[in-house]
Structure formats: C-alpha cells, structure tokens
$ cat input_11.txt   # compact mmCIF, C-alpha atoms
# COMPACT_ATOMS: atom_id res chain seq x y z
CA MET A 1 0.00 0.00 0.00
CA THR A 2 1.34 3.44 -0.95
CA LYS A 3 1.84 5.67 2.07
CA LEU A 4 1.13 9.37 2.26
CA GLY A 5 3.80 11.68 3.64
CA TRP A 6 4.10 13.74 6.79
CA THR A 7 2.87 16.88 5.04
CA SER A 8 -0.36 15.08 4.09
CA LEU A 9 -1.50 15.46 7.68
CA PRO A 10 -3.50 18.59 8.54
CA SER A 11 -1.39 21.42 9.92
CA ALA A 12 -3.19 21.28 13.29
CA VAL A 13 -2.25 17.61 13.65
CA ARG A 14 1.38 18.30 12.72
CA THR A 15 1.48 21.13 15.24
CA ALA A 16 0.22 18.81 17.99
CA VAL A 17 2.93 16.28 17.18
CA GLU A 18 5.70 18.88 17.04
CA ALA A 19 4.60 20.22 20.42
CA ARG A 20 5.54 16.82 21.83
CA VAL A 21 8.65 15.87 19.79
CA GLY A 22 10.07 19.21 18.69
CA PRO A 23 10.53 20.84 15.26
CA VAL A 24 10.58 18.42 12.34
CA SER A 25 13.54 18.46 9.97
CA GLY A 26 12.84 15.46 7.75
CA TRP A 27 10.71 12.44 6.98
CA THR A 28 11.49 8.88 5.85
CA ALA A 29 8.45 6.89 4.77
CA ALA A 30 7.96 3.27 5.82
CA VAL A 31 7.62 0.78 3.00
CA THR A 32 5.64 -1.95 4.79
CA GLY A 33 2.41 -2.22 6.75
CA MET A 34 -1.26 -1.86 5.88
CA ASN A 35 -2.84 -0.59 9.09
CA SER A 36 -2.13 3.10 8.53
CA THR A 37 -2.13 5.73 5.81
CA VAL A 38 0.92 7.65 7.02
CA ALA A 39 3.85 5.74 8.49
CA GLY A 40 7.51 6.55 8.79
CA ALA A 41 10.38 8.08 10.71
CA LEU A 42 10.05 11.71 11.66
CA HIS A 43 13.42 13.41 12.11
CA THR A 44 13.62 16.02 14.87
CA SER A 45 16.35 17.91 16.68
CA ALA A 46 16.02 15.44 19.57
CA GLY A 47 16.34 12.42 17.28
CA PRO A 48 13.93 10.35 15.21
CA VAL A 49 10.51 9.10 16.26
CA PHE A 50 8.14 6.78 14.43
CA VAL A 51 4.72 8.02 13.34
CA LYS A 52 1.67 6.01 12.35
CA ALA A 53 -1.49 7.85 11.34
CA ALA A 54 -4.82 6.89 9.84
CA GLU A 55 -7.74 9.02 8.87
CA HIS A 56 -11.00 8.35 10.70
CA GLY A 57 -12.83 5.52 8.95
CA HIS A 58 -9.71 3.75 7.70
CA PRO A 59 -10.86 0.11 7.33
CA TRP A 60 -7.78 -1.55 8.87
CA ALA A 61 -6.63 1.03 11.38
CA ALA A 62 -6.05 -0.17 14.93
CA GLN A 63 -4.68 2.99 16.50
CA HIS A 64 -6.76 2.87 19.69
CA THR A 65 -5.94 -0.80 20.16
CA GLU A 66 -2.22 -0.12 19.82
CA ALA A 67 -2.43 2.83 22.22
CA ALA A 68 -4.29 0.78 24.83
CA ILE A 69 -1.91 -2.19 24.77
CA ASN A 70 1.35 -0.22 24.65
CA PRO A 71 1.90 0.32 28.40
CA TYR A 72 1.67 -3.43 28.93
CA VAL A 73 4.21 -4.39 26.24
CA ALA A 74 6.84 -1.68 26.73
CA THR A 75 9.53 -4.22 27.66
CA VAL A 76 9.31 -5.90 24.24
CA SER A 77 8.07 -3.02 22.06
CA PRO A 78 8.70 0.68 21.37
CA ARG A 79 7.12 3.06 23.89
CA LEU A 80 4.19 5.20 22.79
CA LEU A 81 5.07 8.89 23.17
CA LEU A 82 1.86 10.49 21.92
CA HIS A 83 -1.65 9.50 20.87
CA ASP A 84 -3.51 12.35 19.19
CA ASP A 85 -7.02 11.81 17.87
CA SER A 86 -8.06 15.12 16.34
CA GLY A 87 -8.58 16.85 13.03
CA GLY A 88 -10.06 13.73 11.45
CA TRP A 89 -6.86 11.74 12.03
CA ASP A 90 -5.73 9.25 14.64
CA VAL A 91 -1.97 9.61 15.18
CA LEU A 92 0.49 7.50 17.17
CA VAL A 93 4.06 8.60 17.86
CA PHE A 94 6.46 5.92 19.11
CA GLU A 95 10.07 5.95 20.21
CA PHE A 96 12.21 5.12 17.20
CA VAL A 97 13.52 1.55 17.06
CA PRO A 98 16.69 1.27 14.98
CA GLY A 99 17.37 -1.85 12.99
CA ARG A 100 15.68 -3.81 10.25
CA SER A 101 13.09 -6.47 9.68
CA ALA A 102 14.12 -9.81 11.13
CA ASP A 103 15.92 -12.30 8.90
CA LEU A 104 14.34 -15.65 9.81
CA GLY A 105 16.34 -17.72 7.33
CA PRO A 106 18.36 -20.79 8.32
CA GLY A 107 21.59 -19.82 10.06
CA SER A 108 20.58 -16.17 10.50
CA PRO A 109 22.09 -14.46 13.56
CA ASP A 110 18.69 -12.81 14.05
CA LEU A 111 17.19 -16.12 15.20
CA ILE A 112 18.74 -15.71 18.67
CA PRO A 113 17.35 -12.23 19.47
CA VAL A 114 14.03 -13.24 17.89
CA ALA A 115 13.82 -16.22 20.25
CA ASP A 116 14.70 -13.94 23.17
CA VAL A 117 11.95 -11.42 22.46
CA VAL A 118 9.31 -14.09 21.79
CA ALA A 119 10.23 -15.77 25.07
CA ALA A 120 9.94 -12.40 26.83
CA LEU A 121 6.54 -11.87 25.22
CA GLY A 122 5.42 -15.20 26.62
CA ARG A 123 6.34 -14.06 30.14
CA LEU A 124 4.32 -10.83 30.07
CA PRO A 125 1.38 -10.69 32.46
CA LEU A 126 -2.04 -10.58 30.88
CA PRO A 127 -3.24 -6.94 30.66
CA ASP A 128 -6.38 -5.87 32.43
CA LEU A 129 -8.06 -5.05 29.11
CA ALA A 130 -11.08 -6.41 27.27
CA LEU A 131 -9.23 -8.40 24.60
CA PRO A 132 -10.66 -10.97 22.20
CA THR A 133 -9.85 -14.63 22.75
CA VAL A 134 -7.85 -16.71 20.34
CA GLN A 135 -10.96 -18.82 19.78
CA GLU A 136 -12.83 -15.73 18.59
CA HIS A 137 -9.91 -14.76 16.37
CA PHE A 138 -9.84 -18.06 14.52
CA ALA A 139 -13.58 -18.73 14.42
CA THR A 140 -14.98 -18.39 10.90
CA GLY A 141 -18.71 -18.47 11.49
CA ASN A 142 -19.04 -22.18 12.23
CA ALA A 143 -18.96 -23.74 15.66
CA ALA A 144 -15.45 -25.03 16.25
CA PRO A 145 -15.21 -26.54 19.74
CA ASP A 146 -11.66 -27.76 19.05
CA LEU A 147 -10.52 -24.14 19.17
CA ASP A 148 -10.70 -24.42 22.94
CA GLN A 149 -7.42 -26.32 22.58
CA LEU A 150 -5.79 -22.93 21.88
CA ALA A 151 -7.19 -21.23 24.98
CA GLY A 152 -4.99 -19.81 27.69
CA ARG A 153 -4.31 -16.76 29.83
CA ASP A 154 -1.37 -15.33 27.92
CA LEU A 155 -1.06 -12.20 25.78
CA LEU A 156 -0.66 -12.98 22.06
CA HIS A 157 0.51 -10.72 19.24
CA LEU A 158 -0.79 -13.02 16.47
CA ASP A 159 1.19 -11.46 13.60
CA LEU A 160 4.86 -12.18 14.23
CA ASN A 161 5.94 -11.71 10.63
CA PRO A 162 9.50 -10.52 9.89
CA ASP A 163 8.43 -6.89 9.40
CA ASN A 164 6.86 -6.85 12.85
CA ILE A 165 10.09 -7.94 14.55
CA ARG A 166 12.74 -5.24 14.39
CA VAL A 167 16.30 -6.38 15.08
CA ALA A 168 19.33 -4.32 16.08
CA ALA A 169 21.28 -5.03 19.29
CA ARG A 170 18.10 -6.78 20.40
CA ALA A 171 14.74 -7.51 18.87
CA ARG A 172 11.50 -5.61 19.45
CA ILE A 173 7.94 -6.43 18.43
CA VAL A 174 5.90 -3.76 16.65
CA ASP A 175 2.39 -3.34 15.18
CA TRP A 176 0.08 -4.51 17.94
CA ALA A 177 -3.07 -4.43 15.83
CA SER A 178 -4.53 -7.71 17.15
CA PRO A 179 -3.62 -8.35 20.80
CA THR A 180 -5.43 -11.48 21.89
CA VAL A 181 -5.80 -13.82 24.87
CA GLY A 182 -4.74 -17.43 24.44
CA ALA A 183 -1.95 -19.92 25.04
CA ALA A 184 1.55 -18.49 24.57
CA TRP A 185 2.59 -21.32 22.24
CA VAL A 186 0.05 -20.10 19.63
CA ASP A 187 2.33 -17.17 18.75
CA VAL A 188 5.24 -19.59 18.36
CA ALA A 189 3.16 -21.78 16.05
CA GLY A 190 2.35 -18.78 13.88
CA LEU A 191 6.02 -17.80 13.77
CA ILE A 192 6.94 -21.30 12.59
CA LEU A 193 5.09 -20.63 9.32
CA ARG A 194 7.28 -17.57 8.82
CA LEU A 195 10.37 -19.72 9.40
CA LEU A 196 9.16 -22.13 6.72
CA ASP A 197 8.55 -19.21 4.36
CA ALA A 198 12.13 -18.07 5.06
CA GLY A 199 13.58 -21.42 3.99
CA HIS A 200 13.46 -23.71 7.01
CA THR A 201 12.21 -27.27 6.83
CA PRO A 202 9.40 -28.24 9.21
CA GLU A 203 11.96 -30.25 11.19
CA SER A 204 14.41 -27.35 11.58
CA ALA A 205 11.62 -24.89 12.41
CA ASP A 206 10.30 -27.24 15.08
CA ARG A 207 13.82 -27.67 16.46
CA TRP A 208 14.30 -23.90 16.64
CA ALA A 209 10.95 -23.44 18.38
CA ARG A 210 11.89 -25.93 21.09
CA ARG A 211 14.29 -23.41 22.59
CA LEU A 212 11.13 -21.57 23.75
CA PRO A 213 9.48 -22.82 26.96
CA ALA A 214 5.98 -22.18 25.60
CA TRP A 215 6.61 -24.49 22.65
CA ARG A 216 8.18 -27.24 24.74
CA SER A 217 5.01 -27.37 26.83
CA ALA A 218 2.56 -27.04 23.91
CA PRO A 219 -0.01 -29.87 23.89
CA PRO A 220 0.22 -31.99 20.71
CA ALA A 221 -3.58 -31.94 20.33
CA GLY A 222 -3.63 -28.15 20.44
CA VAL A 223 -0.75 -27.85 17.97
CA ALA A 224 -2.63 -30.18 15.62
CA VAL A 225 -5.77 -28.04 15.83
CA HIS A 226 -3.80 -24.86 15.19
CA ALA A 227 -2.01 -26.42 12.20
CA ALA A 228 -5.30 -27.48 10.63
CA VAL A 229 -7.02 -24.14 11.27
CA ASN A 230 -4.08 -22.18 9.88
CA ALA A 231 -3.83 -24.36 6.78
CA ARG A 232 -7.50 -23.76 6.02
CA ALA A 233 -7.25 -20.04 6.72
CA TRP A 234 -4.18 -19.49 4.53
CA ALA A 235 -5.60 -21.61 1.72
CA THR A 236 -8.74 -19.45 1.75
CA THR A 237 -6.68 -16.25 1.81
CA ALA A 238 -4.55 -17.41 -1.13
CA GLN A 239 -7.65 -18.30 -3.14
CA ARG A 240 -9.37 -14.98 -2.49
CA ALA A 241 -6.28 -12.79 -2.89
CA PRO A 242 -3.49 -14.78 -4.60
CA PHE A 243 -0.66 -12.41 -3.78
CA PRO A 244 2.73 -14.17 -3.89
CA TRP A 245 3.21 -13.88 -0.12
CA ALA A 246 -0.24 -15.38 0.55
CA VAL A 247 0.40 -18.29 -1.81
CA ARG A 248 3.78 -18.94 -0.16
CA LEU A 249 2.28 -18.93 3.33
CA ALA A 250 -0.53 -21.22 2.23
CA GLY A 251 2.12 -23.65 1.04
CA ALA A 252 4.05 -23.29 4.28
CA ALA A 253 0.92 -23.96 6.33
CA GLU A 254 0.18 -27.06 4.28
CA ARG A 255 3.74 -28.39 4.74
CA TRP A 256 3.53 -27.78 8.47
CA LEU A 257 0.17 -29.54 8.68
CA HIS A 258 1.52 -32.63 6.91
CA TYR A 259 4.58 -32.64 9.17
CA ARG A 260 2.49 -32.44 12.33
CA ARG A 261 0.17 -35.20 11.16
CA ARG A 262 3.15 -37.41 10.41
CA LEU A 263 4.78 -36.55 13.73
CA ASP A 264 1.62 -37.19 15.69
CA ARG A 265 1.42 -40.72 14.28
CA LEU A 266 4.87 -41.58 15.64
CA PRO A 267 5.19 -43.22 19.05
CA ARG A 268 6.58 -41.25 21.93
CA PRO A 269 9.78 -42.62 23.45
CA GLY A 270 8.81 -45.47 25.78
CA ASP A 271 5.26 -45.71 24.45
CA ALA A 272 4.85 -49.37 23.46
CA GLN A 273 1.38 -48.73 22.03
CA GLY A 274 2.59 -46.10 19.60
CA VAL A 275 -0.32 -43.84 20.54
CA TRP A 276 0.07 -40.23 21.64

$ encode --input "input_11.txt" --output "structure tokens"
Amino acid sequence: MTKLGWTSLPSAVRTAVEARVGPVSGWTAAVTGMNSTVAGALHTSAGPVFVKAAEHGHPWAAQHTEAAINPYVATVSPRLLLHDDSGGWDVLVFEFVPGRSADLGPGSPDLIPVADVVAALGRLPLPDLALPTVQEHFATGNAAPDLDQLAGRDLLHLDLNPDNIRVAARARIVDWASPTVGAAWVDVAGLILRLLDAGHTPESADRWARRLPAWRSAPPAGVAVHAAVNARAWATTAQRAPFPWAVRLAGAAERWLHYRRRLDRLPRPGDAQGVW
C-alpha cells in the first residue's frame, strides 16, 4: 500500500505532534504495513521518532488498540510517546527503534534475538483489558469446539511476521493491531510458518521453536488443531487474494500440517502402544 507523507496530515495535527517531539527536519516513509495511511520516521532535533497515522474511517486502522496495549508491552516493544485523535486523524508517535526487519532464514544471527523477544513476550502478564480470545480470532462463522485447545491466559501478538520484529542489538515487536488472549505457544506456532517461508524445513523450524518454553510445553492436540485451522485459513486467503506472499504462506501452512500429522502418528519414546 502506498503511504502518504508527513505533510499530508492537517497542519493542526502536525502542530500537535511537534509540540511533543520538537521541530521536524525530515521524513522517511515506511515501506511496509497496511494498518495506517501515514507511516515513517520523523526526524527532529532530539532524534527520530516513528509516526503512524490513519484518517478516521480507515478500514484496517487499529490505533486505539495499539495505544491501549502499549503500556503493557513496553519491555518488548517501542514506547508510545503520543496518541492524538483530532482533526479527522488518529496519530500514534512511538520511540524510534533502529534496525531492520528480522531475517528468519536458516543460520541467520537474528534467530537468537528473535527467540529472546518471543520468550519475553510469553512471560508478560495478561493486561487488564477487554481483549478478544484466540478462539474468537480463529472462528470463521461455524462452531469449532476444538478451538478451545488454543485457549490460555497469555497475551498474544498473532502477527509475528519478519516486518513486525525489528532487530538491532536486540529484537523488538511492533504493530500490535490484534492483541489477543490465548496460550503463549500459539504465537510460536504462527512464527513457525514464517520460518518455513524463510527457507526452514518443518523439522528445523520445530527444532528452533523448542528453545522456547511455551513451545516445549505445547499440547500436541492443540498444535494439531492450530495447524489445521491455519492451513484452512491461509488456503482461503490465497484463493481470495493470490498475492505471492499469501500463496507462499498457504504452502508453508500445508507443509507444516503434513509434518504435524506425520509426527503425531509416531510413538513417543517409551510408548509401546505407539499412541500419543
């Protein structure tokens, strides 16, 4: 999606932002993200900040959600400096996080800080906010009692794609458009699909995920449900909007599903019956 620039915002909105961050000397537009109309680094005399803005009525904007969750995720995410909802625009100003999108490919040095920040996310206390459940997130209109296998009392991000994990000296998680309540391992399962898309095999992605406590304790039945639900969801997305990234992720979800089904048929060590 093409982004508008800083000067596209009404002058009153820009004045409100400058009152908080100081005079603006430059602007560098972001090239990723769909949940805002204006997004990029605003250069000021005190250093850069990151701005996300959406006009009222934007179909995918989640500004109020991001503002509400930010105080609870400040240890793993950029701090919110300003939330201004005036002049027909909803504007968020965050501390600037240096770095780049995470490289999730095999052998990438980013895999260590990514594991660290995902583990830290899994340790965050659940915010005292009215958040949707993971069952509600994945429900598609039909009763799906198996989704209760994904339930939990952990805070989930639910979109840990490489652009939402910024890596420099450490990794930070950005774009909290869909904070959700569920089991912490669900975020790890979603990240596994991104590892497959980056070139991992299901075996190596599973091995990497096992460094995370949430994944080591994930119930096989729940992982199986998540794999099946994700495969269906990504297949539907790829059919409706066959963008290359959607087609790739549909393929990754299908490979993961086949791997989990094969794995779940294998006996556990010491299980003479061969039944999980």

$ residues_around --input "input_11.txt" --residues "Trp6 of chain A" --least-positions-apart "3" --cutoff "10 Å" --atoms "all atoms listed in the file" --output "PyMOL selection string"
chain A and resi 3+9-11+14+24+26-29+38-42+51-53

$ residues_around --input "input_11.txt" --residues "Asp90 of chain A" --least-positions-apart "6" --cutoff "10 Å" --atoms "only C-alpha atoms" --output "NGL selection string"
:A and (13 or 36 or 52-58 or 61-64 or 83-84)

$ closest_residue --input "input_11.txt" --among "A:Ala115, A:Ala218, A:Ala228, A:Ala235" --to "Val247 of chain A" --atoms "only C-alpha atoms"
A:Ala235

$ closest_atom_pairs --input "input_11.txt" --of "segment 141-198 of chain A" --to "segment 116-131 of chain A" --cutoff "12 Å" --atoms "only C-alpha atoms" --output "CSV"
residue,atom,partner,partner_atom,distance
A:Gly152,CA,A:Leu126,CA,10.2
A:Arg153,CA,A:Leu126,CA,6.7
A:Asp154,CA,A:Leu126,CA,5.6
A:Leu155,CA,A:Leu126,CA,5.4
A:Leu156,CA,A:Gly122,CA,7.9
A:His157,CA,A:Leu121,CA,8.6
A:Leu158,CA,A:Val118,CA,11.5
A:Asp159,CA,A:Val118,CA,11.8
A:Leu160,CA,A:Val118,CA,9.0
A:Asn161,CA,A:Val118,CA,11.9
A:Asn164,CA,A:Val118,CA,11.8
A:Ile165,CA,A:Val117,CA,8.8
A:Arg166,CA,A:Val117,CA,10.2
A:Val167,CA,A:Val117,CA,9.9
A:Ala169,CA,A:Asp116,CA,11.7
A:Arg170,CA,A:Val117,CA,8.0
A:Ala171,CA,A:Val117,CA,6.0
A:Arg172,CA,A:Val117,CA,6.6
A:Ile173,CA,A:Val117,CA,7.6
A:Val174,CA,A:Val117,CA,11.4
A:Ala177,CA,A:Leu131,CA,11.4
A:Ser178,CA,A:Leu131,CA,8.8
A:Pro179,CA,A:Leu131,CA,6.8
A:Thr180,CA,A:Leu131,CA,5.6
A:Val181,CA,A:Leu131,CA,6.4
A:Gly182,CA,A:Leu126,CA,9.8
A:Ala183,CA,A:Gly122,CA,8.9
A:Ala184,CA,A:Gly122,CA,5.5
A:Trp185,CA,A:Gly122,CA,8.0
A:Val186,CA,A:Gly122,CA,10.1
A:Asp187,CA,A:Val118,CA,8.2
A:Val188,CA,A:Val118,CA,7.7
A:Ala189,CA,A:Val118,CA,11.4
A:Gly190,CA,A:Val118,CA,11.5
A:Leu191,CA,A:Val118,CA,9.4
A:Ile192,CA,A:Val118,CA,11.9

$ atom_distance --input "input_11.txt" --atom1 "atom CA of Arg194 of chain A" --atom2 "atom CA of Ser77 of chain A"
19.7 Å

$ decode --input "input_11.txt" --residues "segment 19-35 of chain A" --atoms "N, CA, C and O atoms" --output "JSON list (two decimals), in the first residue's frame"
[["chain", "number", "residue", "atom", "x", "y", "z"],
["A", 19, "ALA", "N", 4.62, 19.74, 19.04],
["A", 19, "ALA", "CA", 4.60, 20.22, 20.42],
["A", 19, "ALA", "C", 5.15, 19.16, 21.38],
["A", 19, "ALA", "O", 5.67, 19.49, 22.45],
["A", 20, "ARG", "N", 5.04, 17.91, 20.97],
["A", 20, "ARG", "CA", 5.54, 16.82, 21.83],
["A", 20, "ARG", "C", 6.98, 16.43, 21.50],
["A", 20, "ARG", "O", 7.79, 16.16, 22.39],
["A", 21, "VAL", "N", 7.34, 16.42, 20.19],
["A", 21, "VAL", "CA", 8.65, 15.87, 19.79],
["A", 21, "VAL", "C", 9.64, 16.93, 19.34],
["A", 21, "VAL", "O", 10.81, 16.63, 19.15],
["A", 22, "GLY", "N", 9.18, 18.16, 19.15],
["A", 22, "GLY", "CA", 10.07, 19.21, 18.69],
["A", 22, "GLY", "C", 9.95, 19.45, 17.20],
["A", 22, "GLY", "O", 9.25, 18.72, 16.48],
["A", 23, "PRO", "N", 10.63, 20.50, 16.69],
["A", 23, "PRO", "CA", 10.53, 20.84, 15.26],
["A", 23, "PRO", "C", 11.01, 19.68, 14.38],
["A", 23, "PRO", "O", 11.97, 19.00, 14.68],
["A", 24, "VAL", "N", 10.30, 19.51, 13.28],
["A", 24, "VAL", "CA", 10.58, 18.42, 12.34],
["A", 24, "VAL", "C", 11.54, 18.91, 11.27],
["A", 24, "VAL", "O", 11.35, 19.98, 10.67],
["A", 25, "SER", "N", 12.57, 18.10, 11.00],
["A", 25, "SER", "CA", 13.54, 18.46, 9.97],
["A", 25, "SER", "C", 13.55, 17.52, 8.78],
["A", 25, "SER", "O", 14.20, 17.80, 7.77],
["A", 26, "GLY", "N", 12.84, 16.40, 8.88],
["A", 26, "GLY", "CA", 12.84, 15.46, 7.75],
["A", 26, "GLY", "C", 11.88, 14.31, 7.99],
["A", 26, "GLY", "O", 11.32, 14.14, 9.08],
["A", 27, "TRP", "N", 11.69, 13.53, 6.94],
["A", 27, "TRP", "CA", 10.71, 12.44, 6.98],
["A", 27, "TRP", "C", 11.21, 11.30, 6.10],
["A", 27, "TRP", "O", 11.67, 11.51, 4.98],
["A", 28, "THR", "N", 11.16, 10.07, 6.63],
["A", 28, "THR", "CA", 11.49, 8.88, 5.85],
["A", 28, "THR", "C", 10.31, 7.92, 5.92],
["A", 28, "THR", "O", 9.98, 7.41, 7.00],
["A", 29, "ALA", "N", 9.66, 7.71, 4.79],
["A", 29, "ALA", "CA", 8.45, 6.89, 4.77],
["A", 29, "ALA", "C", 8.77, 5.42, 4.99],
["A", 29, "ALA", "O", 9.80, 4.90, 4.54],
["A", 30, "ALA", "N", 7.87, 4.73, 5.69],
["A", 30, "ALA", "CA", 7.96, 3.27, 5.82],
["A", 30, "ALA", "C", 7.48, 2.63, 4.53],
["A", 30, "ALA", "O", 6.66, 3.20, 3.80],
["A", 31, "VAL", "N", 7.99, 1.45, 4.25],
["A", 31, "VAL", "CA", 7.62, 0.78, 3.00],
["A", 31, "VAL", "C", 6.75, -0.44, 3.24],
["A", 31, "VAL", "O", 6.30, -1.08, 2.28],
["A", 32, "THR", "N", 6.48, -0.79, 4.50],
["A", 32, "THR", "CA", 5.64, -1.95, 4.79],
["A", 32, "THR", "C", 4.49, -1.54, 5.70],
["A", 32, "THR", "O", 4.47, -0.44, 6.25],
["A", 33, "GLY", "N", 3.54, -2.45, 5.85],
["A", 33, "GLY", "CA", 2.41, -2.22, 6.75],
["A", 33, "GLY", "C", 1.17, -1.75, 6.02],
["A", 33, "GLY", "O", 1.25, -1.01, 5.03],
["A", 34, "MET", "N", 0.00, -2.20, 6.51],
["A", 34, "MET", "CA", -1.26, -1.86, 5.88],
["A", 34, "MET", "C", -2.25, -1.19, 6.83],
["A", 34, "MET", "O", -3.33, -0.81, 6.41],
["A", 35, "ASN", "N", -1.88, -1.06, 8.11],
["A", 35, "ASN", "CA", -2.84, -0.59, 9.09],
["A", 35, "ASN", "C", -2.82, 0.92, 9.31],
["A", 35, "ASN", "O", -3.38, 1.40, 10.28]]
